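Trainee: Below you'll find model_35.cif; it's mmCIF, C-alpha atoms.
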data_final
loop_
_atom_site.group_PDB
_atom_site.id
_atom_site.type_symbol
_atom_site.label_atom_id
_atom_site.label_comp_id
_atom_site.auth_asym_id
_atom_site.auth_seq_id
_atom_site.Cartn_x
_atom_site.Cartn_y
_atom_site.Cartn_z
ATOM 1 C CA MET A 1 8.059 -16.818 15.767
ATOM 2 C CA LYS A 2 8.923 -13.740 13.786
ATOM 3 C CA ASN A 3 8.384 -13.360 10.030
ATOM 4 C CA VAL A 4 6.225 -15.730 8.023
ATOM 5 C CA ASN A 5 7.375 -16.036 4.402
ATOM 6 C CA PHE A 6 5.548 -17.665 1.523
ATOM 7 C CA VAL A 7 7.311 -18.897 -1.601
ATOM 8 C CA PHE A 8 5.004 -19.663 -4.515
ATOM 9 C CA TYR A 9 6.749 -21.735 -7.179
ATOM 10 C CA HIS A 10 5.580 -22.726 -10.658
ATOM 11 C CA PRO A 11 8.029 -24.595 -12.919
ATOM 12 C CA HIS A 12 6.514 -23.595 -16.269
ATOM 13 C CA LEU A 13 5.611 -19.910 -16.070
ATOM 14 C CA ASP A 14 8.523 -18.407 -17.966
ATOM 15 C CA LEU A 15 6.506 -15.680 -19.709
ATOM 16 C CA ILE A 16 4.586 -13.522 -17.230
ATOM 17 C CA SER A 17 2.176 -10.857 -18.462
ATOM 18 C CA ASP A 18 0.672 -8.123 -16.295
ATOM 19 C CA ARG A 19 -2.636 -10.011 -16.405
ATOM 20 C CA THR A 20 -1.028 -13.245 -15.173
ATOM 21 C CA ILE A 21 0.813 -11.604 -12.303
ATOM 22 C CA ARG A 22 -2.220 -9.510 -11.247
ATOM 23 C CA SER A 23 -4.420 -12.598 -11.144
ATOM 24 C CA LEU A 24 -1.900 -14.572 -9.095
ATOM 25 C CA LEU A 25 -1.162 -11.705 -6.685
ATOM 26 C CA LYS A 26 -4.887 -11.117 -6.156
ATOM 27 C CA ARG A 27 -5.384 -14.770 -5.222
ATOM 28 C CA ILE A 28 -2.349 -14.685 -2.901
ATOM 29 C CA SER A 29 -3.727 -11.532 -1.217
ATOM 30 C CA THR A 30 -7.055 -13.242 -0.552
ATOM 31 C CA ILE A 31 -5.369 -16.302 0.919
ATOM 32 C CA LEU A 32 -2.989 -14.354 3.170
ATOM 33 C CA ARG A 33 -5.783 -12.087 4.434
ATOM 34 C CA GLU A 34 -7.777 -15.188 5.332
ATOM 35 C CA ILE A 35 -4.793 -16.624 7.240
ATOM 36 C CA GLN A 36 -4.537 -13.377 9.227
ATOM 37 C CA TYR A 37 -8.298 -13.361 9.807
ATOM 38 C CA GLN A 38 -8.160 -16.908 11.175
ATOM 39 C CA GLU A 39 -5.300 -15.993 13.523
ATOM 40 C CA VAL A 40 -7.149 -12.943 14.877
ATOM 41 C CA ALA A 41 -10.317 -15.032 15.303
ATOM 42 C CA TYR A 42 -8.324 -17.576 17.322
ATOM 43 C CA LEU A 43 -6.856 -14.854 19.569
ATOM 44 C CA ILE A 44 -10.292 -13.410 20.273
ATOM 45 C CA ARG A 45 -11.843 -16.841 20.839
ATOM 46 C CA SER A 46 -9.113 -17.965 23.261
ATOM 47 C CA SER A 47 -8.900 -14.681 25.202
ATOM 48 C CA GLU A 48 -10.105 -14.455 28.800
ATOM 49 C CA THR A 49 -12.828 -11.946 27.988
ATOM 50 C CA THR A 50 -16.604 -12.080 28.256
ATOM 51 C CA PRO A 51 -18.764 -13.240 25.332
ATOM 52 C CA SER A 52 -20.002 -9.678 24.783
ATOM 53 C CA GLN A 53 -16.428 -8.342 24.703
ATOM 54 C CA LYS A 54 -15.437 -11.042 22.207
ATOM 55 C CA GLN A 55 -18.398 -10.101 20.019
ATOM 56 C CA SER A 56 -17.504 -6.416 20.244
ATOM 57 C CA LEU A 57 -13.952 -7.175 19.080
ATOM 58 C CA ARG A 58 -15.243 -9.271 16.172
ATOM 59 C CA ASP A 59 -17.766 -6.608 15.133
ATOM 60 C CA ARG A 60 -15.129 -3.869 15.103
ATOM 61 C CA LEU A 61 -12.564 -5.935 13.186
ATOM 62 C CA ASP A 62 -14.608 -7.876 10.625
ATOM 63 C CA GLY A 63 -14.843 -5.197 7.946
ATOM 64 C CA GLN A 64 -11.353 -3.833 8.489
ATOM 65 C CA LEU A 65 -9.675 -7.233 8.126
ATOM 66 C CA ASN A 66 -10.983 -7.502 4.556
ATOM 67 C CA HIS A 67 -8.894 -4.484 3.517
ATOM 68 C CA ILE A 68 -5.576 -4.890 5.309
ATOM 69 C CA GLU A 69 -2.241 -5.069 3.503
ATOM 70 C CA ALA A 70 -1.780 -8.831 3.245
ATOM 71 C CA TYR A 71 1.897 -9.142 2.332
ATOM 72 C CA TYR A 72 5.118 -7.429 1.353
ATOM 73 C CA LEU A 73 6.635 -8.525 -1.954
ATOM 74 C CA GLU A 74 10.206 -9.674 -1.348
ATOM 75 C CA ARG A 75 11.278 -11.257 -4.642
ATOM 76 C CA LEU A 76 9.984 -12.184 -8.084
ATOM 77 C CA GLU A 77 12.122 -14.476 -10.240
ATOM 78 C CA ARG A 78 11.419 -15.525 -13.800
ATOM 79 C CA GLY A 79 12.346 -18.613 -15.771
ATOM 80 C CA SER A 80 10.214 -20.763 -13.673
ATOM 81 C CA LEU A 81 8.140 -18.461 -11.503
ATOM 82 C CA THR A 82 9.302 -18.006 -7.910
ATOM 83 C CA LEU A 83 7.309 -15.410 -5.966
ATOM 84 C CA THR A 84 8.404 -14.698 -2.381
ATOM 85 C CA VAL A 85 6.213 -12.642 -0.044
ATOM 86 C CA THR A 86 6.207 -11.885 3.684
ATOM 87 C CA LEU A 87 2.963 -12.020 5.640
ATOM 88 C CA THR A 88 2.197 -8.679 7.264
ATOM 89 C CA ALA A 89 1.180 -8.325 10.913
ATOM 90 C CA PHE A 90 -1.654 -5.880 10.184
ATOM 91 C CA GLY A 91 -4.366 -8.235 11.438
ATOM 92 C CA ILE A 92 -2.764 -8.594 14.863
ATOM 93 C CA TRP A 93 -1.926 -4.871 14.921
ATOM 94 C CA LEU A 94 -5.602 -4.044 14.327
ATOM 95 C CA LEU A 95 -6.574 -6.364 17.166
ATOM 96 C CA GLN A 96 -4.047 -4.661 19.448
ATOM 97 C CA GLN A 97 -5.456 -1.222 18.581
ATOM 98 C CA THR A 98 -9.061 -2.352 19.063
ATOM 99 C CA ILE A 99 -8.705 -3.844 22.554
ATOM 100 C CA GLY A 100 -9.176 -0.454 24.245
ATOM 101 C CA GLU A 101 -12.265 0.312 22.156
ATOM 102 C CA SER A 102 -14.033 -2.922 23.097
ATOM 103 C CA ILE A 103 -12.867 -3.521 26.671
ATOM 104 C CA LYS A 104 -13.355 -0.694 29.153
ATOM 105 C CA GLU A 105 -11.833 -2.203 32.300
ATOM 106 C CA ALA A 106 -8.111 -1.396 32.506
ATOM 107 C CA TRP A 107 -7.197 -4.689 34.188
ATOM 108 C CA GLN A 108 -8.922 -6.692 31.445
ATOM 109 C CA GLN A 109 -7.177 -4.633 28.764
ATOM 110 C CA SER A 110 -3.870 -5.308 30.490
ATOM 111 C CA ASN A 111 -4.583 -9.044 30.682
ATOM 112 C CA MET A 112 -5.393 -9.261 26.999
ATOM 113 C CA HIS A 113 -2.221 -7.395 26.043
ATOM 114 C CA LYS A 114 -0.263 -9.835 28.225
ATOM 115 C CA GLU A 115 -1.956 -12.758 26.455
ATOM 116 C CA LEU A 116 -1.020 -11.210 23.109
ATOM 117 C CA VAL A 117 2.644 -10.805 24.094
ATOM 118 C CA ALA A 118 2.791 -14.390 25.411
ATOM 119 C CA TYR A 119 1.249 -15.733 22.204
ATOM 120 C CA LEU A 120 3.563 -13.783 19.888
ATOM 121 C CA SER A 121 6.671 -14.578 21.942
ATOM 122 C CA GLY A 122 6.033 -18.277 22.552
ATOM 123 C CA PRO A 123 5.776 -21.503 20.543
ATOM 124 C CA GLN A 124 1.988 -21.570 20.360
ATOM 125 C CA ARG A 125 1.811 -19.238 17.356
ATOM 126 C CA LYS A 126 3.566 -21.765 15.117
ATOM 127 C CA GLU A 127 0.982 -24.425 15.964
ATOM 128 C CA VAL A 128 -1.901 -22.051 15.279
ATOM 129 C CA LEU A 129 -0.401 -20.847 11.997
ATOM 130 C CA ASP A 130 0.327 -24.413 10.873
ATOM 131 C CA ARG A 131 -3.345 -25.324 11.307
ATOM 132 C CA ASN A 132 -4.624 -22.106 9.736
ATOM 133 C CA ILE A 133 -2.315 -22.325 6.723
ATOM 134 C CA ASP A 134 -3.348 -25.926 6.053
ATOM 135 C CA ARG A 135 -7.039 -25.105 6.459
ATOM 136 C CA VAL A 136 -6.934 -22.057 4.184
ATOM 137 C CA LEU A 137 -4.786 -23.609 1.449
ATOM 138 C CA ASP A 138 -6.894 -26.792 1.447
ATOM 139 C CA GLY A 139 -10.021 -24.729 0.942
ATOM 140 C CA TRP A 140 -8.901 -22.427 -1.859
ATOM 141 C CA THR A 141 -8.247 -22.758 -5.559
ATOM 142 C CA PHE A 142 -5.799 -20.646 -7.555
ATOM 143 C CA ASP A 143 -8.026 -20.251 -10.630
ATOM 144 C CA ASN A 144 -5.705 -21.603 -13.361
ATOM 145 C CA TYR A 145 -3.348 -23.223 -10.852
ATOM 146 C CA VAL A 146 -3.298 -26.396 -8.777
ATOM 147 C CA ILE A 147 -1.500 -26.724 -5.436
ATOM 148 C CA GLU A 148 0.829 -29.706 -5.833
ATOM 149 C CA ASP A 149 2.631 -29.541 -2.492
ATOM 150 C CA VAL A 150 2.998 -27.395 0.635
ATOM 151 C CA ASN A 151 6.166 -27.562 2.719
ATOM 152 C CA LYS A 152 6.872 -25.619 5.930
ATOM 153 C CA THR A 153 10.308 -24.999 7.458
ATOM 154 C CA THR A 154 11.486 -22.899 10.397
ATOM 155 C CA ASP A 155 15.021 -21.480 10.463
ATOM 156 C CA GLU A 156 17.307 -20.801 13.437
ATOM 157 C CA GLN A 157 15.954 -17.255 13.805
ATOM 158 C CA GLY A 158 12.415 -18.599 14.160
ATOM 159 C CA GLU A 159 11.179 -17.483 10.733
ATOM 160 C CA LEU A 160 8.608 -19.748 9.131
ATOM 161 C CA THR A 161 8.822 -20.310 5.363
ATOM 162 C CA VAL A 162 5.902 -21.910 3.563
ATOM 163 C CA ARG A 163 6.708 -23.160 0.070
ATOM 164 C CA VAL A 164 3.675 -23.683 -2.159
ATOM 165 C CA ASP A 165 4.366 -25.620 -5.371
ATOM 166 C CA LEU A 166 1.891 -24.837 -8.135
ATOM 167 C CA SER A 167 1.121 -26.449 -11.468
ATOM 168 C CA THR A 168 -1.270 -25.734 -14.326
ATOM 169 C CA PRO A 169 -3.905 -28.272 -15.437
ATOM 170 C CA PRO A 170 -2.890 -29.914 -18.771
ATOM 171 C CA GLN A 171 -5.736 -28.422 -20.810
ATOM 172 C CA ILE A 172 -4.911 -24.904 -19.629
ATOM 173 C CA GLN A 173 -1.173 -25.461 -20.091
ATOM 174 C CA LYS A 174 -1.808 -26.551 -23.681
ATOM 175 C CA ARG A 175 -3.793 -23.390 -24.377
ATOM 176 C CA ILE A 176 -1.020 -21.275 -22.863
ATOM 177 C CA GLU A 177 1.600 -22.972 -25.030
ATOM 178 C CA GLU A 178 -0.488 -22.482 -28.169
ATOM 179 C CA ASN A 179 -0.798 -18.786 -27.410
ATOM 180 C CA SER A 180 2.699 -18.401 -25.989
ATOM 181 C CA GLY A 181 5.254 -15.876 -27.086
ATOM 182 C CA PRO A 182 5.423 -12.160 -26.452
ATOM 183 C CA VAL A 183 3.798 -9.730 -28.864
ATOM 184 C CA THR A 184 6.683 -7.607 -30.145
ATOM 185 C CA ILE A 185 7.281 -5.206 -33.021
ATOM 186 C CA ASP A 186 9.274 -7.919 -34.808
ATOM 187 C CA SER A 187 6.436 -10.445 -34.462
ATOM 188 C CA ILE A 188 3.924 -7.921 -35.854
ATOM 189 C CA ILE A 189 6.177 -7.161 -38.850
ATOM 190 C CA GLU A 190 6.596 -10.894 -39.491
ATOM 191 C CA ASP A 191 2.831 -11.475 -39.278
ATOM 192 C CA SER A 192 2.150 -8.603 -41.668
ATOM 193 C CA ARG A 193 4.692 -9.949 -44.177
ATOM 194 C CA ARG A 194 2.951 -13.343 -44.098
ATOM 195 C CA ILE A 195 -0.419 -11.663 -44.608
ATOM 196 C CA ILE A 196 0.928 -9.652 -47.557
ATOM 197 C CA ILE A 197 2.243 -12.818 -49.220
ATOM 198 C CA THR A 198 -1.120 -14.562 -48.714
ATOM 199 C CA LEU A 199 -3.074 -11.575 -50.048
ATOM 200 C CA ASN A 200 -0.829 -11.270 -53.109
ATOM 201 C CA LYS A 201 -1.291 -14.998 -53.873
ATOM 202 C CA ASP A 202 -5.067 -14.633 -53.573
ATOM 203 C CA ARG A 203 -5.044 -11.571 -55.830
ATOM 204 C CA ASP A 204 -2.934 -13.296 -58.506
ATOM 205 C CA ALA A 205 -4.986 -16.503 -58.414
#
Turn this file's structure into structure tokens for me.
Mentor:
Amino acid sequence: MKNVNFVFYHPHLDLISDRTIRSLLKRISTILREIQYQEVAYLIRSSETTPSQKQSLRDRLDGQLNHIEAYYLERLERGSLTLTVTLTAFGIWLLQQTIGESIKEAWQQSNMHKELVAYLSGPQRKEVLDRNIDRVLDGWTFDNYVIEDVNKTTDEQGELTVRVDLSTPPQIQKRIEENSGPVTIDSIIEDSRRIIITLNKDRDA
């Protein structure tokens, strides 16, 4: 399996402020880092290394995995919101770089690199990612969003695409609609004209 793409879709977000997009991207970052963390944890757990070597790998990686680049932004479409991102491979890259720091014996280092190549080149990664994606998405909330559906497809090139359909709870959607509309110069002028009319009526009353 090569790239892993996520498509986050919301049918009713046609006006996107910087605050909205920052909040959503922050949540997506957290989720995709957790998916990478789970994959690295699986690779360490299933490796043919000693318990102390496994612990050394975990200790060296734990803090770093919280700060990796989680995704690359591929596309953002408005109307309804469609946000497409590609999962980075930074978690696995960090593991690859850390093997030599935690395992001193050359033959064991070589074996673990072989295990890594076999995992990344074979079908097992899809099974692991399927489980991890389901586990992470089932356990997270998107603040003002609800996950309605998750659909996974793999194309002929071996790329996995995970489509996550989002919705907004009715009470929050109602509040958004009541406060909807961009703040523009024209809207400010119109508001001021209405205020002037109201003030003049009050003064003349």
Trainee: Please write the residues picked by the PyMOL selection byres ((chain A and resi 101) around 12) on this file as a ChimeraX atom specification.
Mentor: /A:53-54,56-61,94-100,102-106,109
Trainee: Check what the PyMOL selection byres ((chain A and resi 39-45) around 8) selects in the file above and give those residues as a ChimeraX atom specification.
Mentor: /A:35-38,46-47,54,57-58,91-92,95,116,128-129,132
Trainee: From the list A:Tyr119, A:Trp140, A:Tyr145, A:Phe6, which residue is nearest Ala70 of chain A when using all atoms listed in the file?
Mentor: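 Ranking A:Tyr119, A:Trp140, A:Tyr145, A:Phe6 by distance to Ala70 of chain A, first place goes to A:Phe6.
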Trainee: How far is it from atom CA of Arg33 of chain A to atom CA of Thr20 of chain A, in Å with one decimal?
Mentor: 20.2 Å
Trainee: Can you work out which one of A:Arg193, A:Asp130, A:Asp62, A:Thr82 has the shortest atom-to-atom distance to Thr153 of chain A, counting all atoms listed in the file?
Mentor: A:Asp130
Trainee: Please determine the residues with any atom at most 8 Å from (11.9, -21.0, 3.5) (coordinates as given in the file, with all atoms listed in the file counting) and report them as a list in words.
Mentor: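 Looking at atoms near the point gives Asn5, Phe6, Val7, Lys152, Thr153, Thr154, Asp155, Leu160, Thr161, Val162 and Arg163 of chain A.
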Trainee: Find the residues of segment 88-177 of chain A that sit at most 12 Å from segment 22-30 of chain A; for each, write down the nearest two atoms and how far apart they are in Å, to one decimal. Count all atoms listed in the file. Sort by chain, then by number going up, and give it as a Markdown table.
Mentor:
| residue | atom | partner | partner_atom | distance |
| --- | --- | --- | --- | --- |
| A:Thr88 | CA | A:Ser29 | CA | 10.7 |
| A:Val136 | CA | A:Thr30 | CA | 10.0 |
| A:Leu137 | CA | A:Ile28 | CA | 10.2 |
| A:Gly139 | CA | A:Thr30 | CA | 12.0 |
| A:Trp140 | CA | A:Arg27 | CA | 9.1 |
| A:Thr141 | CA | A:Arg27 | CA | 8.5 |
| A:Phe142 | CA | A:Arg27 | CA | 6.3 |
| A:Asp143 | CA | A:Arg27 | CA | 8.1 |
| A:Asn144 | CA | A:Leu24 | CA | 9.1 |
| A:Tyr145 | CA | A:Leu24 | CA | 8.9 |
| A:Val146 | CA | A:Leu24 | CA | 11.9 |
| A:Val164 | CA | A:Ile28 | CA | 10.9 |
| A:Leu166 | CA | A:Leu24 | CA | 11.0 |
Trainee: Looking at only C-alpha atoms, which of A:Ser187, A:Ser121, A:Gln108, A:Asn151 is the one that sits closest to Thr50 of chain A?
Mentor: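 Of all the options, A:Gln108 lies closest to Thr50 of chain A.
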Trainee: By how many Å are atom CA of Asn66 of chain A and atom CA of Ile133 of chain A apart?
Mentor: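 Here the two named atoms are 17.3 Å from each other.
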Trainee: So, with all atoms listed in the file as the atoms that count, which of A:Ser110, A:Ser80, A:Tyr72, A:Ser17 lies closest to Asp165 of chain A?
Mentor: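 Of A:Ser110, A:Ser80, A:Tyr72, A:Ser17, the one nearest Asp165 of chain A is A:Ser80, counting all atoms listed in the file.
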Trainee: Rounded to one decimal place, report the atom CA of Thr86 of chain A-atom CA of Arg135 of chain A distance in Å.
Mentor: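 Atom-to-atom, atom CA of Thr86 of chain A and atom CA of Arg135 of chain A are spaced 18.9 Å apart.
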Trainee: Name every residue that the PyMOL selection byres ((chain A and resi 76) around 12) selects in this structure, writing the answer as a list in words with chains first and numbers rising.
Mentor: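 This file gives the following for the PyMOL selection byres ((chain A and resi 76) around 12): Phe6, Val7, Phe8, Tyr9, His10, Leu13, Asp14, Ile16, Ile21, Leu25, Tyr72, Leu73, Glu74, Arg75, Glu77, Arg78, Gly79, Ser80, Leu81, Thr82, Leu83, Thr84 and Val85 of chain A.
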Trainee: Edge lengths and centre in Å to one decimal, as lines of an AutoDock Vina configuration file, is what I'm after for the box along x, y and z that holds all listed atoms of segment 57-63 of chain A once 6 Å is added on each side.
Mentor:
center_x = -15.2
center_y = -6.6
center_z = 13.5
size_x = 17.2
size_y = 17.4
size_z = 23.1
Trainee: Just checking: using all atoms listed in the file, which residue out of A:Asp134, A:Gly158, A:Leu32, A:Ala89 ends up closest to Gly122 of chain A?
Mentor: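 Among the listed residues, A:Gly158 lies closest to Gly122 of chain A.
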Trainee: Considering all atoms listed in the file, state which residue in the set A:Lys114, A:Leu120, A:Glu148, A:Ile185 is at the smallest distance from Ser167 of chain A.
Mentor: A:Glu148
Trainee: Please complete segment 131-164 of chain A with N, CA and C atoms and give it back as a tab-separated table (two decimals), keeping the file's coordinate frame.
Mentor:
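Okay, this is what ended up in result_8.tsv:
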chain	number	residue	atom	x	y	z
A	131	ARG	N	-1.97	-24.89	11.53
A	131	ARG	CA	-3.34	-25.32	11.31
A	131	ARG	C	-4.08	-24.39	10.34
A	132	ASN	N	-3.92	-23.08	10.57
A	132	ASN	CA	-4.62	-22.11	9.74
A	132	ASN	C	-4.16	-22.15	8.29
A	133	ILE	N	-2.85	-22.27	8.08
A	133	ILE	CA	-2.32	-22.32	6.72
A	133	ILE	C	-2.85	-23.55	6.00
A	134	ASP	N	-2.83	-24.70	6.68
A	134	ASP	CA	-3.35	-25.93	6.05
A	134	ASP	C	-4.83	-25.78	5.72
A	135	ARG	N	-5.59	-25.25	6.66
A	135	ARG	CA	-7.04	-25.10	6.46
A	135	ARG	C	-7.35	-24.18	5.29
A	136	VAL	N	-6.66	-23.05	5.23
A	136	VAL	CA	-6.93	-22.06	4.18
A	136	VAL	C	-6.48	-22.56	2.82
A	137	LEU	N	-5.28	-23.13	2.74
A	137	LEU	CA	-4.79	-23.61	1.45
A	137	LEU	C	-5.60	-24.80	0.95
A	138	ASP	N	-6.06	-25.65	1.86
A	138	ASP	CA	-6.89	-26.79	1.45
A	138	ASP	C	-8.24	-26.34	0.89
A	139	GLY	N	-8.69	-25.18	1.33
A	139	GLY	CA	-10.02	-24.73	0.94
A	139	GLY	C	-10.07	-23.76	-0.22
A	140	TRP	N	-8.93	-23.42	-0.79
A	140	TRP	CA	-8.90	-22.43	-1.86
A	140	TRP	C	-8.35	-23.01	-3.14
A	141	THR	N	-8.83	-22.44	-4.26
A	141	THR	CA	-8.25	-22.76	-5.56
A	141	THR	C	-7.52	-21.52	-6.07
A	142	PHE	N	-6.58	-21.74	-6.99
A	142	PHE	CA	-5.80	-20.65	-7.56
A	142	PHE	C	-6.22	-20.38	-9.00
A	143	ASP	N	-7.52	-20.46	-9.28
A	143	ASP	CA	-8.03	-20.25	-10.63
A	143	ASP	C	-7.37	-21.22	-11.61
A	144	ASN	N	-6.36	-20.77	-12.35
A	144	ASN	CA	-5.70	-21.60	-13.36
A	144	ASN	C	-4.57	-22.45	-12.79
A	145	TYR	N	-4.46	-22.51	-11.47
A	145	TYR	CA	-3.35	-23.22	-10.85
A	145	TYR	C	-3.85	-24.30	-9.89
A	146	VAL	N	-3.02	-25.31	-9.71
A	146	VAL	CA	-3.30	-26.40	-8.78
A	146	VAL	C	-2.17	-26.43	-7.75
A	147	ILE	N	-2.53	-26.58	-6.47
A	147	ILE	CA	-1.50	-26.72	-5.44
A	147	ILE	C	-1.02	-28.17	-5.44
A	148	GLU	N	0.24	-28.37	-5.79
A	148	GLU	CA	0.83	-29.71	-5.83
A	148	GLU	C	1.38	-30.14	-4.48
A	149	ASP	N	1.99	-29.18	-3.76
A	149	ASP	CA	2.63	-29.54	-2.49
A	149	ASP	C	2.80	-28.30	-1.64
A	150	VAL	N	2.75	-28.48	-0.32
A	150	VAL	CA	3.00	-27.40	0.64
A	150	VAL	C	4.02	-27.91	1.63
A	151	ASN	N	5.09	-27.15	1.81
A	151	ASN	CA	6.17	-27.56	2.72
A	151	ASN	C	6.51	-26.40	3.64
A	152	LYS	N	6.57	-26.67	4.95
A	152	LYS	CA	6.87	-25.62	5.93
A	152	LYS	C	8.21	-25.90	6.61
A	153	THR	N	9.04	-24.87	6.74
A	153	THR	CA	10.31	-25.00	7.46
A	153	THR	C	10.50	-23.78	8.36
A	154	THR	N	11.18	-23.99	9.48
A	154	THR	CA	11.49	-22.90	10.40
A	154	THR	C	13.00	-22.82	10.55
A	155	ASP	N	13.57	-21.61	10.37
A	155	ASP	CA	15.02	-21.48	10.46
A	155	ASP	C	15.46	-21.18	11.90
A	156	GLU	N	16.75	-20.99	12.09
A	156	GLU	CA	17.31	-20.80	13.44
A	156	GLU	C	16.83	-19.50	14.08
A	157	GLN	N	16.45	-18.53	13.27
A	157	GLN	CA	15.95	-17.26	13.80
A	157	GLN	C	14.46	-17.31	14.13
A	158	GLY	N	13.83	-18.45	13.86
A	158	GLY	CA	12.42	-18.60	14.16
A	158	GLY	C	11.49	-18.13	13.05
A	159	GLU	N	12.02	-17.89	11.85
A	159	GLU	CA	11.18	-17.48	10.73
A	159	GLU	C	10.59	-18.72	10.05
A	160	LEU	N	9.30	-18.66	9.81
A	160	LEU	CA	8.61	-19.75	9.13
A	160	LEU	C	8.55	-19.46	7.64
A	161	THR	N	8.95	-20.43	6.82
A	161	THR	CA	8.82	-20.31	5.36
A	161	THR	C	7.89	-21.40	4.87
A	162	VAL	N	6.88	-20.99	4.13
A	162	VAL	CA	5.90	-21.91	3.56
A	162	VAL	C	6.10	-21.91	2.05
A	163	ARG	N	6.53	-23.04	1.52
A	163	ARG	CA	6.71	-23.16	0.07
A	163	ARG	C	5.48	-23.84	-0.52
A	164	VAL	N	4.87	-23.17	-1.50
A	164	VAL	CA	3.68	-23.68	-2.16
A	164	VAL	C	4.03	-23.95	-3.62
